[in-house]
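Novice: Here it is, the structure, as structure tokens.
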Amino acid sequence: MNPMISRTWLSAVALAALAPLAVAQNFSYSDQNVLLAIRPTAANSSTSSLLMNLGPVSNFYNAAPGTSFSVGSTALVENTFSSLVGLSYSFSAANKSVTSDAAHPLQTLWVSRGRVDPTVQSDPWLDKSSGNLANTATKISTLGSGATTLPAVPGSSGNAVLIPNSDTAHNVGRWIGSGTAGGGSGSTYNGTFQGNSEVTKLAPFGAAELVRADFYEVTPGTADAKYLGYFQINNNGGSTFTAAGVTAVPEPGTVVLAVSGLAALVLWRRRSSN
Amino acid sequence: MNSFSSKVLLLSATLGLASAAHAQVTVYLTGSTAFRSETFNSVKALYGAGLTSVTPANATTSSSKVTYTGTIAALYGTQTVTIKSAFSGSVEGIVNLVGAANPPGVAQPNYLNVDGSTDSNTVADLAFSDVFQDTTDYPSSVYPALGVTQVGVVCFAWTKSVVATPALANVSNISHQQAQQFLASGTVPLSFFTGNAADTGAIYLAGRYKLSGTRLTFSADCGFGANSDATLFKLDATHAPVLDTVGQVGGGNVTTILKNAAATAPFIGTLATGDAATIASGANNLTYNGVTFSKGAVQNGQYSLWGYQHLFAKPGLSATKLTLVKGTTKPADPVKSNGLANAIDTALSTSANNVQLSTMKVGRSSDGSPIFPN
């Protein structure tokens with residue numbers, strides 16, 4: 001996903017009204033696509049959730065360090081919800097189909113985690129066993145694949161779907177909610193995940209509020225999950241992703257040069273003082 | 001009345017009689033294959049001596065496409081009745097009836113004409129399904145609610161493969177919590193089932209594709225979630241387990257995996273009891289929550305891995321076509337009618353694997369829901 005794609009999306013949404021005869025298209029989803037789920041809490045009167053496909057997760061873990069780009073469609077959020085107050089955002093992806101990628105084994109998850117202090121990175125999720133992660137991977141994958149039976153929002157190129165809360169089979173809370181059979185506040189994927197993946201926006205449109213959620217890669221294992229960057233929920237309801245910055249690690253050649261230089265400097269000072 | 005008027009009246013009467021004599025009823029059947037055999041037998045029983053042709057002539061109880069024609073005097077008098085069956089899967093049948101777009105990679109089956117040519121129609125009137133409409137991704141909260149008649153009970157069993165090594169003697173039971181995990185991860189250490197920590201090798205899950213009623217029933221009954229994306233495995237050309245990202249189209253494909261004695265790893269598969277009976281004559285069936293499958297255990301409520309066989313009708317289906325299912329007597333309980341529902345119930349009386357609805361002492365309100373005494 002890149003800014004160009006996002007702009008194209010916006011244009012497509014705007015053009016939708018001019019193309020009433022466009023052929024209906026279902027929501028599209030493939031394994032390892034990032035899903036942005038925006039669902040109303042009790043503080044929001046909306047009767048539907050908005051699910052957006054943000055494209056392959058590789059676009060996020062391969063993003064150049066420090067770069068930012070917008071994701072999804074701001075216009076869709078604006079058109080769907082009359083208020084941002086009480087909307088919960090979560091970002092997730094799962095690998096349920098690829099066994100050949102050693103860096104991202106089967107059942108790898110990519111899951112957001114809200115920041116308590118928006119300027120400070122959250123504690124990372126923990127890697128878990130493959131069997132443990134498989135349960136959450138199932139929920140994420142089913143949320144996306146189940147929605148492919150529903151008509152996409154016209155003009156979204158199949159990348160967005162509105163799911164009524166009354167749709168018992170597909171509603172977002174059914175698959176990501178904290179209850180063991182769905183629903184409930186917070187998103188622990190029916191109690192299968194180690195914590196809440198959602199961040200909730202409390203301020204209305206236009207009000208200054210910094211809301212951020214970190215994005216982690218959770219692989220089978222026992223280490224900390226890998227930090228990929230963070231999503232920012234903007235005041236207009238849109239989102240941007242900023243890839244993790246560079247942690248400067250000198251290359252061996254650089255280290256050798258630096259040490260040699262330092263040694264030469266010490267030698268020169270000794271000679272000078274003699 | 002003059003001569004001309006008499007002739008006109010006579011001609012009108014003749015045309016009317018001719019029209020009645022040539023009125024035809026054609027009913028299209030699709031959906032689950034689970035009751036394919038019972039349908040074959042019960043449709044033939046309904047026609048009785050009025051059956052004039054079966055296409056193809058060598059059709060059997062396991063044929064997916066069969067067209068029958070003739071008269072069913074008890075339901076339609078002298079009208080010619082043609083029943084065209086083309087089975088696919090439970091969810092495909094519901095997709096067809098609610099008029100939803102086919103899921104990617106799925107095409108609705110077409111039917112055979114009496115002369116063996118292909119009927120261009122792919123829109124069904126009736127569809128069999130192992131699961132309730134609301135269990136599928138096409139629920140009545142989103143799509144048209146389908147009229148339904150329950151015609152029997154279809155039963156399922158977890159079944160282990162025939163590999164000699166490792167020994168699977170101690171793999172004998174699966175609880176519904178184990179089943180949830182097994183469906184999510186698709187592979188677990190053998191010790192997960194044997195209880196022996198030394199059994200560190202893996203055992204794999206083989207199962208059906210997402211539109212299969214078998215898959216939905218297994219997933220619903222153990223609490224995994226009927227439409228949840230399971231992780232499945234199959235065998236590659238070297239008989240080694242590999243990820244199966246689609247799932248097997250038929251129960252026969254799962255039995256092929258389980259029967260492969262050259263497989264390099266053991267499997268457990270999800271099967272209808274009819275298919276499970278073809279593996280070691282049912283001896284490889286696991287107990288489920290400690291209960292062995294038997295018709296009595298289903299009828300009385302001990303064994304929960306079963307579902308109703310539903311016969312769904314297209315919205316707005318004509319009363320004439322519905323008569324095929326509910327008969328002309330139209331009792332409150334269709335299995336007591338003189339239609340297809342009753343014929344299937346009768347055909348099930350000799351089944352070793354599925355159960356007559358009329359003999360059930362228990363019921364349930366949805367797939368995987370609590371079982372209550374009737």
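As shown in the structure tokens, the chain order sets the letters A, B, ...; within each chain, residues go from 1, and ligands are also counted from 1 in the order they appear.
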Tell me, as an MDAnalysis selection string, which residues lie within 12 Å of Gly93 in chain B, counting only C-alpha atoms; anything in the same chain fewer than 3 positions away does not count.
Specialist: chainID B and resid 28:33 85:90 96:103 106:109 122:133 136 138 146 211:213 310:314
Novice: For chain B, work out the contacting residues on chain A at 10 Å, counting only C-alpha atoms, and write them as a ChimeraX atom specification.
Specialist: /A:24-26,96-99,106-107,130-151,164,166-170,175,180-181
Novice: Go ahead and save the picked residues with N, CA and C atoms, as a tab-separated table (two decimals), in the first residue's frame.
Specialist:
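Resulting contents of result.tsv:
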chain	number	residue	atom	x	y	z
A	24	ALA	N	-21.72	-4.85	-9.50
A	24	ALA	CA	-21.48	-5.08	-8.08
A	24	ALA	C	-20.28	-6.00	-7.89
A	25	GLN	N	-19.47	-5.68	-6.92
A	25	GLN	CA	-18.26	-6.45	-6.67
A	25	GLN	C	-18.25	-6.82	-5.20
A	26	ASN	N	-17.86	-8.04	-4.91
A	26	ASN	CA	-17.77	-8.44	-3.52
A	26	ASN	C	-16.46	-7.95	-2.90
A	96	LYS	N	-2.06	-17.96	6.98
A	96	LYS	CA	-2.71	-19.27	7.09
A	96	LYS	C	-2.40	-20.14	5.87
A	97	SER	N	-1.54	-19.67	4.98
A	97	SER	CA	-1.41	-20.45	3.74
A	97	SER	C	0.01	-20.63	3.23
A	98	VAL	N	1.00	-20.00	3.83
A	98	VAL	CA	2.36	-20.06	3.27
A	98	VAL	C	3.29	-20.76	4.25
A	99	THR	N	3.90	-21.85	3.78
A	99	THR	CA	4.84	-22.58	4.64
A	99	THR	C	6.28	-22.38	4.20
A	106	LEU	N	4.01	-20.32	9.05
A	106	LEU	CA	2.57	-20.52	9.15
A	106	LEU	C	2.10	-20.10	10.55
A	107	GLN	N	0.97	-19.41	10.60
A	107	GLN	CA	0.33	-18.90	11.83
A	107	GLN	C	0.97	-17.62	12.35
A	130	SER	N	3.19	-21.96	17.86
A	130	SER	CA	2.39	-21.99	16.62
A	130	SER	C	0.95	-22.38	16.92
A	131	GLY	N	0.78	-23.36	17.81
A	131	GLY	CA	-0.57	-23.80	18.16
A	131	GLY	C	-1.37	-22.70	18.82
A	132	ASN	N	-0.71	-21.91	19.63
A	132	ASN	CA	-1.37	-20.78	20.30
A	132	ASN	C	-1.80	-19.74	19.26
A	133	LEU	N	-0.85	-19.35	18.41
A	133	LEU	CA	-1.14	-18.31	17.41
A	133	LEU	C	-2.20	-18.76	16.41
A	134	ALA	N	-2.28	-20.08	16.18
A	134	ALA	CA	-3.22	-20.60	15.17
A	134	ALA	C	-4.65	-20.20	15.48
A	135	ASN	N	-4.98	-20.13	16.76
A	135	ASN	CA	-6.36	-19.80	17.13
A	135	ASN	C	-6.72	-18.37	16.74
A	136	THR	N	-5.77	-17.44	16.95
A	136	THR	CA	-6.03	-16.05	16.56
A	136	THR	C	-5.96	-15.91	15.04
A	137	ALA	N	-5.03	-16.62	14.43
A	137	ALA	CA	-4.92	-16.56	12.96
A	137	ALA	C	-6.25	-16.97	12.32
A	138	THR	N	-6.89	-17.94	12.92
A	138	THR	CA	-8.19	-18.40	12.41
A	138	THR	C	-9.22	-17.29	12.45
A	139	LYS	N	-9.25	-16.54	13.54
A	139	LYS	CA	-10.25	-15.48	13.68
A	139	LYS	C	-10.00	-14.37	12.66
A	140	ILE	N	-8.74	-13.96	12.53
A	140	ILE	CA	-8.42	-12.88	11.59
A	140	ILE	C	-8.75	-13.31	10.16
A	141	SER	N	-8.31	-14.50	9.81
A	141	SER	CA	-8.54	-15.00	8.47
A	141	SER	C	-10.03	-15.14	8.17
A	142	THR	N	-10.78	-15.61	9.15
A	142	THR	CA	-12.21	-15.82	8.92
A	142	THR	C	-12.95	-14.49	8.79
A	143	LEU	N	-12.52	-13.49	9.53
A	143	LEU	CA	-13.13	-12.17	9.38
A	143	LEU	C	-13.00	-11.70	7.93
A	144	GLY	N	-11.82	-11.86	7.36
A	144	GLY	CA	-11.60	-11.42	5.98
A	144	GLY	C	-12.27	-12.31	4.96
A	145	SER	N	-12.09	-13.61	5.09
A	145	SER	CA	-12.63	-14.51	4.05
A	145	SER	C	-14.15	-14.56	4.11
A	146	GLY	N	-14.72	-14.46	5.31
A	146	GLY	CA	-16.19	-14.46	5.42
A	146	GLY	C	-16.80	-13.26	4.75
A	147	ALA	N	-16.11	-12.12	4.85
A	147	ALA	CA	-16.65	-10.89	4.26
A	147	ALA	C	-16.63	-10.92	2.73
A	148	THR	N	-15.91	-11.87	2.14
A	148	THR	CA	-15.88	-11.94	0.68
A	148	THR	C	-17.22	-12.36	0.10
A	149	THR	N	-18.15	-12.80	0.95
A	149	THR	CA	-19.49	-13.14	0.45
A	149	THR	C	-20.39	-11.90	0.41
A	150	LEU	N	-19.86	-10.76	0.85
A	150	LEU	CA	-20.69	-9.55	0.92
A	150	LEU	C	-20.29	-8.55	-0.16
A	151	PRO	N	-21.26	-7.77	-0.63
A	151	PRO	CA	-20.93	-6.76	-1.64
A	151	PRO	C	-20.06	-5.66	-1.06
A	164	PRO	N	-23.30	-4.77	8.73
A	164	PRO	CA	-24.25	-4.41	9.78
A	164	PRO	C	-23.99	-5.22	11.04
A	166	SER	N	-26.13	-6.35	12.79
A	166	SER	CA	-27.16	-7.39	12.85
A	166	SER	C	-26.79	-8.62	12.01
A	167	ASP	N	-25.73	-8.53	11.23
A	167	ASP	CA	-25.31	-9.67	10.41
A	167	ASP	C	-24.53	-10.63	11.32
A	168	THR	N	-25.26	-11.63	11.78
A	168	THR	CA	-24.69	-12.51	12.80
A	168	THR	C	-23.49	-13.31	12.30
A	169	ALA	N	-23.42	-13.54	11.01
A	169	ALA	CA	-22.32	-14.37	10.50
A	169	ALA	C	-21.03	-13.58	10.30
A	170	HIS	N	-21.15	-12.31	9.93
A	170	HIS	CA	-19.95	-11.60	9.49
A	170	HIS	C	-19.55	-10.41	10.34
A	175	TRP	N	-15.86	-11.75	15.30
A	175	TRP	CA	-14.56	-12.41	15.11
A	175	TRP	C	-13.43	-11.78	15.92
A	180	THR	N	-15.89	-15.10	24.11
A	180	THR	CA	-15.42	-16.35	23.50
A	180	THR	C	-16.21	-16.69	22.23
A	181	ALA	N	-17.42	-16.17	22.12
A	181	ALA	CA	-18.18	-16.38	20.88
A	181	ALA	C	-18.43	-15.04	20.20
Novice: Show me, as a list in words, the residues that have an atom within 12 Å of Ser191 in chain B when counting only C-alpha atoms, minus same-chain residues fewer than 2 positions from it.
Specialist: Pro166, Ala167, Leu168, Asn170, Val171, Gln178, Thr187, Val188, Pro189, Phe193, Thr194, Gly195, Asn196, Ala197, Ala198, Asp199, Thr200, Gly201, Ala202 and Ile203 of chain B
Novice: For the atom pair CA of Gln299 in chain B and CA of Lys361 in chain B, what is the interatomic distance in Å to one decimal place?
Specialist: 5.5 Å
Novice: Rounded to one decimal place, report the CA of Asn235 in chain A-CA of Asn190 in chain A distance in Å.
Specialist: 29.3 Å
